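Chemist: Data file query_13.cif (mmCIF, C-alpha atoms) is appended below.
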```
data_coords
loop_
_atom_site.label_atom_id
_atom_site.label_comp_id
_atom_site.auth_asym_id
_atom_site.auth_seq_id
_atom_site.Cartn_x
_atom_site.Cartn_y
_atom_site.Cartn_z
CA MET A 1 -7.29 14.42 -4.11
CA ARG A 2 -4.02 12.91 -3.13
CA ASN A 3 -3.10 9.74 -4.96
CA THR A 4 -3.49 6.95 -2.45
CA GLY A 5 -1.99 4.18 -4.54
CA ASN A 6 -3.89 0.96 -4.37
CA LEU A 7 -3.92 0.56 -0.62
CA LYS A 8 -7.35 -0.21 0.77
CA LEU A 9 -7.84 0.42 4.43
CA SER A 10 -11.02 0.06 6.43
CA ALA A 11 -12.48 -0.68 9.82
CA ARG A 12 -14.46 -3.91 9.98
CA GLY A 13 -16.93 -4.70 12.71
CA ASP A 14 -16.06 -3.62 16.22
CA ARG A 15 -12.52 -4.81 16.62
CA GLU A 16 -10.79 -5.06 13.27
CA ILE A 17 -8.85 -3.04 10.76
CA VAL A 18 -8.40 -4.59 7.31
CA MET A 19 -5.76 -3.54 4.84
CA THR A 20 -5.34 -4.75 1.25
CA ARG A 21 -2.48 -3.97 -1.12
CA VAL A 22 -1.37 -5.49 -4.43
CA PHE A 23 2.32 -6.00 -5.12
CA ASP A 24 3.88 -6.55 -8.51
CA ALA A 25 5.78 -9.66 -7.44
CA PRO A 26 5.14 -13.37 -6.84
CA ARG A 27 3.99 -14.19 -3.35
CA SER A 28 7.11 -16.15 -2.45
CA LEU A 29 9.04 -12.88 -2.66
CA VAL A 30 6.40 -10.88 -0.81
CA PHE A 31 6.33 -13.49 1.94
CA ASP A 32 10.12 -13.36 2.17
CA ALA A 33 10.13 -9.58 2.38
CA TYR A 34 7.48 -9.84 5.07
CA THR A 35 9.30 -12.36 7.24
CA LYS A 36 13.07 -12.15 6.69
CA PRO A 37 14.84 -9.74 9.06
CA GLU A 38 17.36 -8.48 6.51
CA LEU A 39 14.45 -7.53 4.22
CA LEU A 40 12.02 -6.31 6.89
CA LYS A 41 14.64 -3.85 8.11
CA ARG A 42 14.54 -2.20 4.72
CA TRP A 43 10.87 -1.26 4.69
CA LEU A 44 8.90 -1.70 7.91
CA GLY A 45 8.49 1.47 9.93
CA ILE A 46 11.68 3.12 8.74
CA PHE A 47 10.81 6.67 7.87
CA GLY A 48 11.72 10.13 9.08
CA GLY A 49 15.06 8.97 10.46
CA TRP A 50 13.76 5.84 12.24
CA THR A 51 15.85 2.73 11.83
CA MET A 52 15.23 -0.83 12.93
CA PRO A 53 18.31 -1.97 14.85
CA VAL A 54 16.58 -5.03 16.29
CA CYS A 55 14.69 -7.41 14.02
CA GLU A 56 14.59 -10.98 15.26
CA VAL A 57 12.29 -13.55 13.72
CA ASP A 58 11.84 -17.15 14.80
CA LEU A 59 9.52 -18.17 12.00
CA ARG A 60 7.69 -21.21 13.33
CA VAL A 61 4.48 -21.80 15.21
CA GLY A 62 5.11 -20.71 18.79
CA GLY A 63 8.26 -18.86 17.72
CA ALA A 64 8.74 -15.26 18.83
CA TYR A 65 9.64 -12.12 16.95
CA ARG A 66 10.98 -8.88 18.27
CA PHE A 67 11.30 -5.51 16.49
CA VAL A 68 12.84 -2.35 17.90
CA TRP A 69 12.87 0.97 16.06
CA ARG A 70 15.18 3.81 17.01
CA GLY A 71 14.46 7.44 16.27
CA SER A 72 17.11 9.96 15.31
CA ASP A 73 16.83 11.42 18.84
CA GLY A 74 17.64 8.02 20.36
CA THR A 75 14.08 7.10 21.32
CA ASN A 76 13.41 3.36 21.18
CA MET A 77 10.08 1.83 20.28
CA GLY A 78 9.78 -1.92 20.63
CA MET A 79 7.18 -4.52 19.90
CA GLY A 80 6.91 -8.24 19.50
CA GLY A 81 4.78 -11.30 19.64
CA VAL A 82 4.45 -14.96 18.82
CA TYR A 83 3.65 -16.72 15.54
CA ARG A 84 0.43 -18.70 15.70
CA GLU A 85 0.32 -19.93 12.09
CA VAL A 86 3.15 -20.07 9.60
CA VAL A 87 2.23 -21.31 6.12
CA PRO A 88 4.79 -20.02 3.61
CA PRO A 89 4.13 -18.38 1.27
CA GLU A 90 0.41 -17.94 1.84
CA ARG A 91 -0.50 -17.22 5.42
CA LEU A 92 0.97 -15.80 8.59
CA VAL A 93 -0.78 -15.25 11.91
CA ASN A 94 0.94 -13.58 14.83
CA THR A 95 0.20 -11.73 18.03
CA GLU A 96 1.46 -8.18 18.41
CA LYS A 97 2.08 -6.00 21.42
CA PHE A 98 4.00 -2.76 21.80
CA ASP A 99 6.33 -2.36 24.79
CA GLU A 100 4.68 0.88 25.77
CA SER A 101 1.29 0.26 24.31
CA TRP A 102 -1.25 3.04 24.15
CA TYR A 103 -4.11 0.56 23.84
CA PRO A 104 -5.13 -2.38 26.04
CA GLY A 105 -4.30 -5.98 25.25
CA GLU A 106 -2.45 -7.56 22.38
CA SER A 107 -3.66 -7.75 18.82
CA LEU A 108 -3.83 -10.67 16.43
CA ILE A 109 -2.49 -10.03 12.95
CA THR A 110 -3.46 -12.29 10.05
CA ALA A 111 -1.70 -11.82 6.73
CA THR A 112 -2.72 -13.70 3.61
CA PHE A 113 -0.80 -13.69 0.33
CA VAL A 114 -2.79 -14.50 -2.80
CA GLU A 115 -0.99 -14.66 -6.13
CA GLN A 116 -2.61 -14.10 -9.50
CA GLY A 117 -0.85 -13.41 -12.78
CA GLY A 118 2.47 -12.75 -11.06
CA LYS A 119 0.95 -10.18 -8.72
CA THR A 120 0.31 -10.72 -5.04
CA THR A 121 -2.60 -9.41 -3.03
CA LEU A 122 -1.64 -8.96 0.59
CA THR A 123 -4.53 -8.75 3.02
CA VAL A 124 -3.71 -7.89 6.60
CA THR A 125 -6.40 -8.15 9.24
CA MET A 126 -5.59 -6.58 12.59
CA ARG A 127 -7.88 -7.78 15.32
CA TYR A 128 -7.79 -5.94 18.63
CA GLU A 129 -8.90 -7.05 22.04
CA SER A 130 -11.76 -4.59 22.20
CA ARG A 131 -13.43 -1.87 20.27
CA GLU A 132 -11.74 0.67 22.54
CA ALA A 133 -8.33 -0.72 21.63
CA ARG A 134 -9.08 -0.67 17.91
CA ASP A 135 -10.37 2.88 18.10
CA ALA A 136 -7.29 3.95 20.02
CA VAL A 137 -5.16 2.66 17.16
CA VAL A 138 -7.31 4.42 14.59
CA LYS A 139 -7.20 7.65 16.49
CA SER A 140 -3.61 7.61 17.64
CA PRO A 141 -1.90 9.22 14.66
CA MET A 142 -4.04 12.31 14.82
CA GLU A 143 -3.94 13.15 18.51
CA GLY A 144 -1.06 15.53 18.03
CA GLY A 145 -2.30 17.24 14.93
CA VAL A 146 -5.97 18.01 15.18
CA ALA A 147 -5.74 21.57 13.93
CA GLN A 148 -3.26 20.61 11.25
CA SER A 149 -5.51 17.88 9.84
CA TYR A 150 -8.40 20.27 9.92
CA ASP A 151 -6.49 22.83 7.88
CA LYS A 152 -5.43 20.16 5.45
CA LEU A 153 -8.99 18.99 4.97
CA ALA A 154 -10.12 22.55 4.37
CA ASP A 155 -7.47 22.84 1.64
CA LEU A 156 -8.51 19.52 0.18
CA LEU A 157 -12.16 20.46 0.13
CA ALA A 158 -11.43 23.87 -1.32
CA SER A 159 -9.53 22.30 -4.19
CA SER A 160 -12.27 19.81 -5.02
CA PRO A 161 -13.88 20.37 -8.45
CA GLU A 162 -17.37 20.46 -6.92
CA PHE A 163 -16.41 23.34 -4.72
CA ARG A 164 -14.72 25.29 -7.47
CA ARG A 165 -17.75 24.79 -9.66
CA SER A 166 -20.05 25.99 -6.93
CA GLU A 167 -17.84 29.05 -6.41
CA ARG A 168 -17.97 30.06 -10.05
CA ARG A 169 -21.74 30.13 -10.23
CA MET B 1 -22.02 15.07 21.01
CA GLN B 2 -21.07 13.43 24.30
CA PRO B 3 -17.52 14.27 25.24
CA SER B 4 -17.44 11.77 28.11
CA SER B 5 -18.12 8.79 25.87
CA TYR B 6 -15.92 10.02 23.07
CA GLY B 7 -13.86 6.83 22.88
CA GLN B 8 -16.82 4.50 22.76
CA THR B 9 -18.75 6.37 20.13
CA SER B 10 -15.83 7.23 17.94
CA SER B 11 -16.27 4.27 15.62
CA ASP B 12 -19.93 4.95 14.91
CA ARG B 13 -19.03 8.56 14.48
CA LEU B 14 -16.34 7.73 11.95
CA ASP B 15 -18.86 5.70 9.95
CA GLY B 16 -21.22 8.67 9.98
CA VAL B 17 -18.45 11.06 9.00
CA PHE B 18 -17.34 8.96 6.04
CA ALA B 19 -20.92 8.50 4.86
CA ALA B 20 -21.45 12.25 5.09
CA LEU B 21 -18.22 12.98 3.21
CA ALA B 22 -19.09 10.58 0.41
CA ASP B 23 -21.42 13.11 -1.25
CA PRO B 24 -19.97 15.92 -3.42
CA THR B 25 -22.65 18.45 -2.45
CA ARG B 26 -21.97 17.86 1.21
CA ARG B 27 -18.23 18.22 0.65
CA ALA B 28 -18.86 21.48 -1.12
CA ILE B 29 -20.99 22.67 1.79
CA LEU B 30 -18.19 21.79 4.21
CA ALA B 31 -15.68 23.57 2.03
CA ARG B 32 -17.86 26.67 2.11
CA LEU B 33 -18.15 26.42 5.90
CA ALA B 34 -14.38 26.04 6.18
CA THR B 35 -14.24 29.72 5.22
CA GLY B 36 -16.72 30.79 7.92
CA GLU B 37 -20.25 30.16 9.15
CA ALA B 38 -23.17 30.62 6.78
CA SER B 39 -26.96 30.55 6.81
CA VAL B 40 -28.97 27.83 5.09
CA MET B 41 -29.87 30.29 2.34
CA GLU B 42 -26.24 31.20 1.75
CA LEU B 43 -25.24 27.56 1.71
CA GLY B 44 -27.94 26.67 -0.78
CA ALA B 45 -27.23 29.54 -3.17
CA PRO B 46 -24.47 27.91 -5.28
CA PHE B 47 -26.50 24.78 -5.96
CA ASP B 48 -29.35 24.09 -8.36
CA MET B 49 -31.22 22.49 -5.55
CA SER B 50 -34.39 23.02 -3.59
CA GLN B 51 -34.29 24.28 -0.01
CA PRO B 52 -35.59 20.95 1.35
CA ALA B 53 -32.86 19.09 -0.54
CA ILE B 54 -30.17 21.33 0.98
CA SER B 55 -31.75 20.95 4.41
CA LYS B 56 -31.56 17.20 4.02
CA HIS B 57 -27.83 17.40 3.31
CA LEU B 58 -27.37 19.68 6.31
CA LYS B 59 -29.19 17.20 8.49
CA VAL B 60 -26.80 14.43 7.46
CA LEU B 61 -23.80 16.65 8.20
CA GLU B 62 -25.30 17.62 11.52
CA ARG B 63 -25.96 14.03 12.52
CA ALA B 64 -22.36 13.17 11.68
CA GLY B 65 -21.30 15.94 14.04
CA LEU B 66 -19.57 17.76 11.19
CA ILE B 67 -21.56 20.95 11.55
CA SER B 68 -23.48 22.72 14.29
CA ARG B 69 -25.85 25.66 14.55
CA GLY B 70 -24.74 29.09 15.65
CA ARG B 71 -26.42 31.28 18.27
CA ASP B 72 -28.24 33.70 15.98
CA ALA B 73 -31.83 32.44 16.18
CA GLN B 74 -32.94 34.28 13.05
CA ARG B 75 -30.18 33.25 10.63
CA ARG B 76 -29.44 29.94 12.32
CA PRO B 77 -25.99 29.90 10.74
CA ARG B 78 -24.24 26.56 10.34
CA ARG B 79 -20.60 26.18 11.21
CA LEU B 80 -17.97 23.54 10.78
CA GLU B 81 -17.05 21.31 13.73
CA ALA B 82 -13.36 20.58 13.69
CA ARG B 83 -12.99 17.46 15.77
CA PRO B 84 -14.82 14.77 13.80
CA LEU B 85 -13.21 16.06 10.64
CA ALA B 86 -9.81 15.90 12.23
CA GLU B 87 -10.54 12.39 13.42
CA ALA B 88 -11.53 11.32 9.92
CA THR B 89 -8.61 13.03 8.21
CA GLY B 90 -6.26 11.77 10.91
CA TRP B 91 -7.30 8.24 10.05
CA LEU B 92 -7.21 8.88 6.33
CA ASP B 93 -3.99 10.80 6.33
CA ALA B 94 -1.67 9.69 9.08
CA TYR B 95 -2.51 6.01 9.47
CA ARG B 96 -2.86 5.47 5.76
CA ARG B 97 0.29 7.40 4.97
CA PHE B 98 2.22 5.29 7.47
CA TRP B 99 1.23 2.10 5.67
CA GLU B 100 1.56 3.57 2.20
CA GLY B 101 5.09 4.54 3.08
CA ASN B 102 5.83 1.03 4.32
CA PHE B 103 4.38 -0.59 1.23
CA GLU B 104 6.14 1.76 -1.17
CA ARG B 105 9.44 0.79 0.45
CA LEU B 106 8.33 -2.84 0.21
CA ASP B 107 7.70 -2.30 -3.53
CA ALA B 108 11.31 -1.17 -3.86
CA VAL B 109 12.58 -4.17 -1.90
CA LEU B 110 10.56 -6.49 -4.13
CA GLU B 111 11.94 -4.87 -7.29
CA GLY B 112 15.39 -5.57 -5.94
CA LEU B 113 14.51 -9.18 -5.18
CA LYS B 114 13.06 -9.67 -8.65
CA ALA B 115 16.19 -8.24 -10.23
CA ASP B 116 18.37 -10.50 -8.06
CA LYS B 117 16.32 -13.50 -9.08
CA LYS B 118 16.74 -12.67 -12.75
CA ARG B 119 20.46 -12.46 -12.28
CA GLY B 120 20.38 -15.79 -10.43
CA ARG B 121 21.64 -14.34 -7.18
CA SER B 122 18.71 -15.36 -5.01
CA LYS B 123 20.26 -18.54 -3.65
CA ARG B 124 20.78 -17.31 -0.12
#
```
Turn this file's structure into structure tokens for me.

Modeler:
Amino acid sequence: MRNTGNLKLSARGDREIVMTRVFDAPRSLVFDAYTKPELLKRWLGIFGGWTMPVCEVDLRVGGAYRFVWRGSDGTNMGMGGVYREVVPPERLVNTEKFDESWYPGESLITATFVEQGGKTTLTVTMRYESREARDAVVKSPMEGGVAQSYDKLADLLASSPEFRRSERR
Amino acid sequence: MQPSSYGQTSSDRLDGVFAALADPTRRAILARLATGEASVMELGAPFDMSQPAISKHLKVLERAGLISRGRDAQRRPRRLEARPLAEATGWLDAYRRFWEGNFERLDAVLEGLKADKKRGRSKR
């Protein structure tokens, strides 16, 4: 199976997605990288030719943030929200809404940074307005590639040791 | 399966799919079915397992919507259902890969910050 690093990702209850990841750095640095525009621009959502030309952060309770990504074909994708809690370097709560959202309502994102032995555990809880909204987020990446995912899973299953063992018998 | 309420039931379905995929025998059964439909006998053949035990696994897969029964009343072949699998792998693959990618880049940023700090250039 593909190496999935140490990212833990799961659905919790009806409306939440919870994500946990450990970083080999003190939490003050992780918090900085998570909240400073010049650092955010270097990691958040920039893949496959996407850049982040707009990254504005007003890091205080009630302050707004605004991110815009631009694809290599010129497509823009924007989102933003307001900070509800700002407790550097341990906790950040903000609302989130995409400009052209494919799910109803805005979501509430809670990030906690827990440091132990120089490593930081980041836990991000994404709470959506309804179960339908959460499920739309879960489902969204696969809408375009149903058959492709299916093929990939077949490959994955076929390469599993259990299957090879069962074939040999 | 109820296509009209697909959105509402998708979460329960995902739970069922993941539970079904958690077992190695059931994964092996799915892998076999990925190559074409098969009867219960054929599915049970590779395993040192009783027919009832195999049937139990098939029931779990069926409840999760991962397999269905073919038309042939005599053989009652099982076949793979693509959609719930795609939903599960879509979640596992695409959503997870998106965040893994982000966090791997964040790892690199943090390494840079740590190096800067060591060199005493983190004053800004």

Chemist: Tell me which residues the PyMOL selection byres ((chain B and resi 66) around 9) grabs here, as a PyMOL selection string.

Modeler: chain B and resi 17+20+30+60-65+67-68+79-85

Chemist: Based on the selection just made, write C-alpha atoms of those residues as a CSV table (one decimal), keeping the file's coordinate frame.

Modeler:
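The file below, out.csv, is the result:
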```csv
chain,number,residue,atom,x,y,z
B,17,VAL,CA,-18.4,11.1,9.0
B,20,ALA,CA,-21.4,12.2,5.1
B,30,LEU,CA,-18.2,21.8,4.2
B,60,VAL,CA,-26.8,14.4,7.5
B,61,LEU,CA,-23.8,16.6,8.2
B,62,GLU,CA,-25.3,17.6,11.5
B,63,ARG,CA,-26.0,14.0,12.5
B,64,ALA,CA,-22.4,13.2,11.7
B,65,GLY,CA,-21.3,15.9,14.0
B,67,ILE,CA,-21.6,21.0,11.6
B,68,SER,CA,-23.5,22.7,14.3
B,79,ARG,CA,-20.6,26.2,11.2
B,80,LEU,CA,-18.0,23.5,10.8
B,81,GLU,CA,-17.0,21.3,13.7
B,82,ALA,CA,-13.4,20.6,13.7
B,83,ARG,CA,-13.0,17.5,15.8
B,84,PRO,CA,-14.8,14.8,13.8
B,85,LEU,CA,-13.2,16.1,10.6
```

Chemist: The PyMOL selection byres ((chain A and resi 96-109) around 9) on the file shown: which residues, as a list of chain:residue names?

Modeler: A:Met77, A:Gly78, A:Met79, A:Gly80, A:Gly81, A:Val82, A:Leu92, A:Val93, A:Asn94, A:Thr95, A:Thr110, A:Ala111, A:Val124, A:Thr125, A:Met126, A:Arg127, A:Tyr128, A:Glu129, A:Ser130, A:Glu132, A:Ala133, A:Arg134, A:Asp135, A:Ala136, A:Val137, A:Ser140

Chemist: Could you tell me which of A:Arg70, A:Thr121, A:Arg131, A:Leu44 comes closest to Met19 (chain A) if we count all atoms listed in the file?

Modeler: A:Thr121

Chemist: How far is it from CA of Glu16 (chain A) to CA of Glu100 (chain B), in Å with one decimal?

Modeler: 18.7 Å

Chemist: Would you compute the distance between CA of Tyr34 (chain A) and CA of Gly13 (chain A)? Give it in Å to one decimal.

Modeler: 26.1 Å

Chemist: Evaluate the PyMOL selection byres ((chain A and resi 90) around 8) here and jot the selected residues down as a list in words.

Modeler: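 Matching residues under the PyMOL selection byres ((chain A and resi 90) around 8) are Arg27, Phe31, Val87, Pro88, Pro89, Arg91, Leu92, Thr112, Phe113 and Val114 of chain A.
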
Chemist: Could you tell me how far CA of Gly120 (chain B) lies from CA of Gly118 (chain A), in Å and to one decimal?

Modeler: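 Answer for the CA of Gly120 (chain B) to CA of Gly118 (chain A) separation: 18.2 Å.
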
Chemist: Counting all atoms listed in the file, which of B:Arg26, B:Arg96, B:Lys114, B:Arg78 gets nearest to Val40 (chain B)?

Modeler: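 Counting all atoms listed in the file, the residue closest to Val40 (chain B) is B:Arg78.
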
Chemist: Padding 4 Å on every side, please: axis-aligned box over the listed atoms of region 106-120 of chain B, centre and edge lengths to one decimal in Å, as lines of an AutoDock Vina configuration file.

Modeler:
```
center_x = 14.1
center_y = -8.5
center_z = -6.3
size_x = 20.8
size_y = 22.6
size_z = 21.0
```

Chemist: Do you know which residues are at most 7 Å from Pro77 (chain B) counting only C-alpha atoms, after dropping those on the same chain fewer than 5 positions away, and could you put them as a short mmCIF file (atom, residue, chain, number, x, y, z; two decimals) with C-alpha atoms, in the frame of the given file?

Modeler:
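Done, and the output landed in result09.cif:
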```cif
data_model
loop_
_atom_site.label_atom_id
_atom_site.label_comp_id
_atom_site.auth_asym_id
_atom_site.auth_seq_id
_atom_site.Cartn_x
_atom_site.Cartn_y
_atom_site.Cartn_z
CA GLU B 37 -20.25 30.16 9.15
CA ALA B 38 -23.17 30.62 6.78
CA SER B 39 -26.96 30.55 6.81
CA VAL B 40 -28.97 27.83 5.09
CA ARG B 69 -25.85 25.66 14.55
CA GLY B 70 -24.74 29.09 15.65
CA ASP B 72 -28.24 33.70 15.98
#
```

Chemist: What lies within 8 Å of region 57-59 of chain A using all atoms listed in the file, ignoring chain neighbours under 5 positions off, as a PyMOL selection string?

Modeler: chain A and resi 35-37+64-66+83+86

Chemist: Quick one: residues within 9 Å of Ile54 (chain B), only C-alpha atoms, excluding same-chain residues fewer than 2 positions away - as a PyMOL selection string?

Modeler: chain B and resi 25-26+40+43-44+47+49-52+56-59

Chemist: Would you mind telling me which residue in B:Arg105, B:Phe18, B:Arg75, B:Leu33 lies nearest to chain A when using only C-alpha atoms?

Modeler: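 Among the listed residues, the smallest separation from chain A belongs to B:Arg105.
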
Chemist: I want to know what sits within 9 Å of Val22 (chain A), based on all atoms listed in the file, with residues of the same chain fewer than 5 positions away left out; could you give that as an MDAnalysis selection string?

Modeler: chainID A and resid 6:7 119:123

Chemist: For the selection you just gave me, I'd like the residues written to a file as a PDB file, in the frame of the given file, keeping C-alpha atoms.

Modeler:
```pdb
ATOM      1  CA  ASN A   6      -3.890   0.960  -4.370  1.00  0.00           C
ATOM      2  CA  LEU A   7      -3.920   0.560  -0.620  1.00  0.00           C
ATOM      3  CA  LYS A 119       0.950 -10.180  -8.720  1.00  0.00           C
ATOM      4  CA  THR A 120       0.310 -10.720  -5.040  1.00  0.00           C
ATOM      5  CA  THR A 121      -2.600  -9.410  -3.030  1.00  0.00           C
ATOM      6  CA  LEU A 122      -1.640  -8.960   0.590  1.00  0.00           C
ATOM      7  CA  THR A 123      -4.530  -8.750   3.020  1.00  0.00           C
TER       8      THR A 123
END
```

Chemist: Measuring atom to atom with only C-alpha atoms, identify which of A:Ile17, A:Cys55, A:Val61, A:Ala25 is nearest to chain B.

Modeler: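 Smallest distance to chain B is found for A:Ala25.
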
Chemist: Select, from B:Asp116, B:Ala53, B:Arg27, B:Met41, the residue with the minimum atom-to-atom distance to chain A, counting all atoms listed in the file.

Modeler: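 Among B:Asp116, B:Ala53, B:Arg27, B:Met41, it is B:Arg27 that comes nearest to chain A.
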
Chemist: Quick one: of B:Glu111, B:Ala22, B:Ala28, B:Glu104, who's nearest to chain A, counting only C-alpha atoms?

Modeler: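 Distance minimum relative to chain A lands on B:Ala28.
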